[in-house]
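**Student:** Take a look at this one; I'll ask things after.
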Amino acid sequence: MTEEIWIVDDDRGVRFVLAEALRDAGLTVREFGDVAAAREALRDTRPALLLTDVRMPGEDGLGLLGELQAQGIGPVIVMSAYTDVATTAAAYRAGAVDYLAKPFDLDHAVASVQRALASVASPTVADHHATVATDALLGESVPMREVFRLIGRIAASDLNVLITGETGTGKELVARALHEESARHEKPFVALNTAAIPSELLESELFGHEAGAFTGASRRVAGRFEQAEGGTLFLDEIGDMPLALQTRLLRVLAGGEFYRVGGRELIRGNVRIVAATHQDLAARVAGGQFRADLMHRLDVVRIELPPLRTRRSDIPLLAQHFLAATARDLKLPSKRFSKAALKLVAQRDYPGNVRELENLCRRLAVIAPGSEILPADLGAGAVAPGGGEWTDALREWVVAALAGGETDIHARAREALDRTLLQAALQASEGHRQNAASALGVGRNTLTRKLGASRTRKR
Ligand SMILES: Nc1ncnc2c1ncn2[C@@H]1O[C@H](COP(=O)(O)OP(=O)(O)OP(=O)(O)O)[C@@H](O)[C@H]1O
């Protein structure tokens, strides 16, 4: 029996070029225009490998994939123009060994087929669970499709993942998508930002503590590891973790066991670790600030998130999404971008990446006067840093507070204003009250009174 490669695709053009490329590589190919025809042929013979499209008139390619998987026929490679995380993950779950995003590179496709044929000996284990739509993560650009493909591919595995990328590129969203598309999705997803927690508290945040472990520890508290039991622990800004704690974390990752701070009971955990950093970990290793062995434990699979400037084609989609989402969240009338304004938005630089674009769109949703956003609304004073930026942010806050039916808005805003001014001035004067007061242009007594007020309100 000749080993046949089957192609199932309703697009004749795709079938033709792919078949030609595979024949050039010395393979025997048979083409089918729909799932029914392929199923018919399956009565007599079975393919060495099958390539199938997902969405076709009539029957969906994924259904066929499931049947082949059940009968032990394969491997199967999925080809689709739909590269969202949910579709990709569904394909892998149904047993696909690879996912080719259309339009694909022919050499790449041939290489994938050869790889799959070579590894027939090791069948994949399907992981069945309900599909969770991960539609939060948007993008159509080539680099983002590649990211989605990778997420779909590794979500079901229990491998540790390291997500790298500049600030605001969506690292946390990717971590959540990995969790949601995994078998752990019904268990907790727990996030911990290593940089946001003082280093002396970090250990007990991670591993919890027993009552009396340190001053102020009045009762036993579970750490993030315990909270994430069975699920995923997302360690953000891992590059900032103090060395001593890195050593401790490494031990936990190696042994799967830990003690609470001040505790004697050994706790065995089952947690998948997804870590993220905007720093160059290898450079931190070279500089002695990060343990090489810990890096290797975390960096089993790496997902690199591209900065927004390398995928500008995603900006219009993201911008429109953020504009609509803000209107929805704040119950504001919906707005849309004029063509010219959207073009300007797509041309801007976003050092803060998607987060900065999101903030811009949120401000526009609140402050742009008409229902259509015009280039003038993007003028310097309107949204650029400096200018009216903080009052815009304030305005956004007020609108949200009003929509939320809050009544003490003025008092809260004044308190926040005072506190911000005082803290900044005191910091600048290194705690010298007289200097801070004169820098702000208020009397020392006023400053002291405001400090007191701010303290009592806070408690
Ligand atoms: N591809 C995307 N689609 C939709 N929203 C996105 C996308 N990427 C990022 N965002 C949004 O941008 C903001 C920043 O994303 P996120 O917090 O995941 O970034 P990050 O890389 O973890 O940032 P940091 O390094 O500063 O922690 C979030 O509000 C997130 O919802």
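Please note that chains go A, B, ... in the order of the structure tokens, that every chain numbers its residues from 1, and that ligands are numbered from 1 in the order shown.
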Taking 4 positions as the minimum chain separation for residues in the same chain, which residues sit within 10 Å of region 299-315 of chain A when counting only C-alpha atoms? Answer as a ChimeraX atom specification.
**Tutor:** /A:138-144,146-148,150-151,154,159-171,174-175,274-276,278,281,293-295,319-321,342-343,345-355,357
**Student:** Next, the residues of the selection above should be written as a CSV table (one decimal), in the first residue's frame with C-alpha atoms.
**Tutor:**
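Heads up, here's the output in selection24.csv:
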chain,number,residue,atom,x,y,z
A,138,LEU,CA,-6.9,40.4,20.0
A,139,GLY,CA,-4.6,40.6,17.0
A,140,GLU,CA,-4.4,39.7,13.3
A,141,SER,CA,-0.8,40.5,12.5
A,142,VAL,CA,1.6,37.7,11.6
A,143,PRO,CA,3.6,37.9,14.9
A,144,MET,CA,0.4,37.8,17.0
A,146,GLU,CA,2.3,33.1,15.7
A,147,VAL,CA,1.8,33.8,19.4
A,148,PHE,CA,-1.8,32.4,19.3
A,150,LEU,CA,2.0,28.8,20.3
A,151,ILE,CA,-0.5,29.3,23.1
A,154,ILE,CA,1.3,24.5,24.7
A,159,LEU,CA,5.2,22.8,31.0
A,160,ASN,CA,6.4,26.0,32.7
A,161,VAL,CA,6.2,29.0,30.4
A,162,LEU,CA,8.2,32.2,30.4
A,163,ILE,CA,6.6,35.1,28.7
A,164,THR,CA,8.8,37.9,27.7
A,165,GLY,CA,8.0,41.3,26.2
A,166,GLU,CA,8.1,45.0,26.8
A,167,THR,CA,5.7,46.5,29.4
A,168,GLY,CA,2.1,46.6,28.3
A,169,THR,CA,2.4,44.0,25.5
A,170,GLY,CA,-0.2,41.7,27.0
A,171,LYS,CA,1.9,39.3,29.0
A,174,VAL,CA,-1.3,35.5,27.5
A,175,ALA,CA,-0.8,33.9,30.9
A,274,VAL,CA,3.8,30.8,34.2
A,275,ALA,CA,6.4,33.6,34.7
A,276,ALA,CA,6.8,36.9,32.9
A,278,HIS,CA,10.1,42.7,30.6
A,281,LEU,CA,16.8,37.5,32.0
A,293,ASP,CA,19.2,27.3,37.2
A,294,LEU,CA,16.0,29.1,38.1
A,295,MET,CA,15.9,30.7,34.6
A,319,ALA,CA,-8.3,50.9,19.2
A,320,GLN,CA,-11.9,50.2,18.1
A,321,HIS,CA,-12.2,47.5,20.6
A,342,LEU,CA,-7.8,56.1,13.1
A,343,LYS,CA,-5.0,56.6,10.7
A,345,VAL,CA,-3.8,56.6,16.0
A,346,ALA,CA,-2.2,53.9,14.0
A,347,GLN,CA,0.8,56.1,13.2
A,348,ARG,CA,1.6,57.1,16.8
A,349,ASP,CA,4.3,55.7,18.9
A,350,TYR,CA,3.4,53.7,21.9
A,351,PRO,CA,6.4,53.2,24.2
A,352,GLY,CA,3.8,51.7,26.7
A,353,ASN,CA,2.5,49.4,24.0
A,354,VAL,CA,-1.1,48.1,24.1
A,355,ARG,CA,-1.6,49.5,27.6
A,357,LEU,CA,-3.1,52.6,23.3
**Student:** As a PDB file with C-alpha atoms, in the first residue's frame, please: the residues near Thr446 (chain A) (cut-off 12 Å, only C-alpha atoms, same-chain neighbours under 4 positions excluded).
**Tutor:**
ATOM      1  CA  ASP A 418      -3.986  66.417  48.840  1.00  0.00           C
ATOM      2  CA  LEU A 422       1.824  66.007  50.043  1.00  0.00           C
ATOM      3  CA  ARG A 433       7.799  69.424  56.385  1.00  0.00           C
ATOM      4  CA  GLN A 434       8.675  73.119  56.278  1.00  0.00           C
ATOM      5  CA  ALA A 436       7.614  70.626  51.551  1.00  0.00           C
ATOM      6  CA  ALA A 437       5.049  73.232  52.647  1.00  0.00           C
ATOM      7  CA  SER A 438       6.875  76.161  51.080  1.00  0.00           C
ATOM      8  CA  LEU A 440       3.749  73.610  47.608  1.00  0.00           C
ATOM      9  CA  GLY A 441       2.977  77.226  48.502  1.00  0.00           C
ATOM     10  CA  VAL A 442       1.019  76.380  51.656  1.00  0.00           C
ATOM     11  CA  LYS A 450      -3.896  68.054  55.710  1.00  0.00           C
ATOM     12  CA  LEU A 451      -1.462  65.301  56.591  1.00  0.00           C
ATOM     13  CA  GLY A 452      -3.545  64.477  59.643  1.00  0.00           C
ATOM     14  CA  ALA A 453      -6.777  64.564  57.674  1.00  0.00           C
ATOM     15  CA  SER A 454      -5.374  62.343  55.005  1.00  0.00           C
TER      16      SER A 454
END
**Student:** Between CA of Leu394 (chain A) and CA of Pro369 (chain A), what is the distance in Å, rounded to a tenth?
**Tutor:**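 CA of Pro369 (chain A) lies at a distance of 16.6 Å from CA of Leu394 (chain A).
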**Student:** Any idea what's packed within 9 Å of Ser371 (chain A), counting only C-alpha atoms, ignoring anything in its chain fewer than 2 positions away? Could you give it as a PDB file with N, CA and C atoms, in the first residue's frame?
**Tutor:**
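In the end it all went to selection.pdb:
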ATOM      1  N   PRO A 333     -22.403  57.036  25.721  1.00  0.00           N
ATOM      2  CA  PRO A 333     -22.838  56.819  24.339  1.00  0.00           C
ATOM      3  C   PRO A 333     -21.667  56.317  23.497  1.00  0.00           C
ATOM      4  N   SER A 334     -21.929  55.410  22.564  1.00  0.00           N
ATOM      5  CA  SER A 334     -20.811  54.847  21.815  1.00  0.00           C
ATOM      6  C   SER A 334     -20.275  55.845  20.790  1.00  0.00           C
ATOM      7  N   LYS A 335     -18.985  55.730  20.533  1.00  0.00           N
ATOM      8  CA  LYS A 335     -18.314  56.622  19.590  1.00  0.00           C
ATOM      9  C   LYS A 335     -17.560  55.790  18.579  1.00  0.00           C
ATOM     10  N   ARG A 336     -17.246  56.428  17.460  1.00  0.00           N
ATOM     11  CA  ARG A 336     -16.390  55.702  16.516  1.00  0.00           C
ATOM     12  C   ARG A 336     -15.318  56.630  15.982  1.00  0.00           C
ATOM     13  N   PHE A 337     -14.257  56.037  15.460  1.00  0.00           N
ATOM     14  CA  PHE A 337     -13.157  56.813  14.896  1.00  0.00           C
ATOM     15  C   PHE A 337     -13.499  57.222  13.475  1.00  0.00           C
ATOM     16  N   ALA A 368     -13.721  63.062  24.087  1.00  0.00           N
ATOM     17  CA  ALA A 368     -13.994  63.575  22.738  1.00  0.00           C
ATOM     18  C   ALA A 368     -15.454  64.014  22.673  1.00  0.00           C
ATOM     19  N   PRO A 369     -15.718  65.233  22.177  1.00  0.00           N
ATOM     20  CA  PRO A 369     -17.066  65.790  22.295  1.00  0.00           C
ATOM     21  C   PRO A 369     -18.134  65.122  21.411  1.00  0.00           C
ATOM     22  N   ILE A 373     -14.855  60.474  16.433  1.00  0.00           N
ATOM     23  CA  ILE A 373     -13.571  61.014  16.877  1.00  0.00           C
ATOM     24  C   ILE A 373     -12.800  61.525  15.674  1.00  0.00           C
TER      25      ILE A 373
END
**Student:** Using DSSP on the backbone coordinates, identify the residues of region 125-352 of chain A assigned to strand (DSSP E); present them as a PyMOL selection string.
**Tutor:** chain A and resi 161-164+189-193+232-236+257-259+266-268+272-277+301-304+336-337
**Student:** Just C-alpha atoms for this one: save the residues we selected as a short mmCIF file (atom, residue, chain, number, x, y, z; two decimals), in the first residue's frame.
**Tutor:**
data_model
loop_
_atom_site.label_atom_id
_atom_site.label_comp_id
_atom_site.auth_asym_id
_atom_site.auth_seq_id
_atom_site.Cartn_x
_atom_site.Cartn_y
_atom_site.Cartn_z
CA VAL A 161 6.22 28.96 30.41
CA LEU A 162 8.24 32.16 30.37
CA ILE A 163 6.56 35.11 28.71
CA THR A 164 8.83 37.93 27.67
CA PHE A 189 -5.52 31.39 38.17
CA VAL A 190 -3.50 33.35 40.73
CA ALA A 191 -1.28 36.27 39.79
CA LEU A 192 1.54 37.78 41.83
CA ASN A 193 3.51 40.80 40.77
CA THR A 232 -1.85 28.23 37.45
CA LEU A 233 0.42 30.62 39.34
CA PHE A 234 1.42 33.66 37.31
CA LEU A 235 4.63 35.27 38.57
CA ASP A 236 4.87 38.68 36.94
CA GLU A 257 7.02 20.86 48.20
CA PHE A 258 7.25 23.81 50.53
CA TYR A 259 6.74 25.01 54.10
CA LEU A 266 5.44 20.08 54.41
CA ILE A 267 2.92 21.06 51.75
CA ARG A 268 2.86 19.26 48.44
CA ARG A 272 1.69 25.22 36.86
CA ILE A 273 4.06 28.16 36.81
CA VAL A 274 3.82 30.83 34.17
CA ALA A 275 6.37 33.59 34.69
CA ALA A 276 6.79 36.90 32.88
CA THR A 277 9.43 39.55 32.61
CA VAL A 301 8.82 27.14 26.70
CA ARG A 302 9.15 30.79 25.82
CA ILE A 303 6.52 33.08 24.37
CA GLU A 304 7.91 36.38 23.15
CA ARG A 336 -16.39 55.70 16.52
CA PHE A 337 -13.16 56.81 14.90
#
**Student:** Would you pick out the contacts of Gly404 (chain A) at 9 Å or less, using only C-alpha atoms, so that residues sharing its chain but fewer than 4 positions from it are not included, and give the list as a list in words?
**Tutor:** Leu330, Val399 and Ala400 of chain A
**Student:** Would you mind writing down, as a PyMOL selection string, each residue of region 149-365 of chain A that DSSP on the backbone assigns to helix (DSSP H, G or I)?
**Tutor:** chain A and resi 149-154+171-180+194-196+199-207+224-227+238-240+243-255+281-286+292-298+308-310+312-330+339-347+353-365
**Student:** Skipping near chain neighbours, those fewer than 5 positions away, what residues fall within 9 Å of Leu18 (chain A) using only C-alpha atoms, listed as a PyMOL selection string?
**Tutor:** chain A and resi 7+13+23+106+109-110
**Student:** Please identify all polymer residues within 8 Å of Gly263 (chain A), counting only C-alpha atoms, omitting same-chain residues fewer than 2 positions from it, and present them as a VMD selection string.
**Tutor:** chain A and resid 209 to 210 213 259 to 261 265
**Student:** Can you work out which one of A:Ala86, A:Val271, A:Ile5, A:Val78 has the shortest atom-to-atom distance to Ala101 (chain A), counting only C-alpha atoms?
**Tutor:** A:Val78
**Student:** With a distance cut-off of 7 Å and only C-alpha atoms, select the neighbouring residues of Ala89 (chain A), excluding the residue or stretch itself and same-chain residues fewer than 6 positions from it, and output the selection as a list in words.
**Tutor:**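 Within the cut-off, the hits are Gly152, Arg153 and Glu181 of chain A.
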**Student:** As an exercise, work out the distance from CA of Ala416 (chain A) to CA of Thr448 (chain A) in Å and give it to one decimal place.
**Tutor:**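 Straight-line distance from CA of Ala416 (chain A) to CA of Thr448 (chain A) works out to 15.8 Å.
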**Student:** Smallest atom-to-atom distance to Glu200 (chain A): which of A:Ala413, A:Gln279, A:Leu245, A:Pro57, using only C-alpha atoms?
**Tutor:**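 Closest residue, counting only C-alpha atoms: A:Leu245.
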**Student:** Ranking A:Gly370, A:Pro316, A:Gly26, A:Pro103 by minimum distance to ligand 1 and counting only C-alpha atoms and all ligand atoms, which one comes first?
**Tutor:**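 Ranking A:Gly370, A:Pro316, A:Gly26, A:Pro103 by distance to ligand 1, first place goes to A:Pro316.
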**Student:** Name the closest residue to ligand 1 among the candidates A:Gly256, A:Gly239, A:Gly230, A:Gly95; distances are taken between atoms, counting only C-alpha atoms and all ligand atoms.
**Tutor:**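 For ligand 1, the nearest of the given residues is A:Gly239.
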**Student:** Please indicate the distance in Å from CA of Leu360 (chain A) to atom 29 (O, counted along the ligand's line) of ligand 1, rounded to one decimal place.
**Tutor:**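 It comes out at 11.8 Å.
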**Student:** Using only C-alpha atoms and all ligand atoms, which of the listed residues (A:Leu137, A:Glu3, A:Glu31, A:Arg12) sits closest to ligand 1?
**Tutor:**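 Looking at the shortest contact to ligand 1, the residue is A:Leu137.
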**Student:** Please determine, counting only C-alpha atoms and all ligand atoms, which residue among A:Leu323, A:Ala196, A:Leu378, A:Ala136 has the shortest atom-to-atom distance to ligand 1.
**Tutor:** A:Ala136
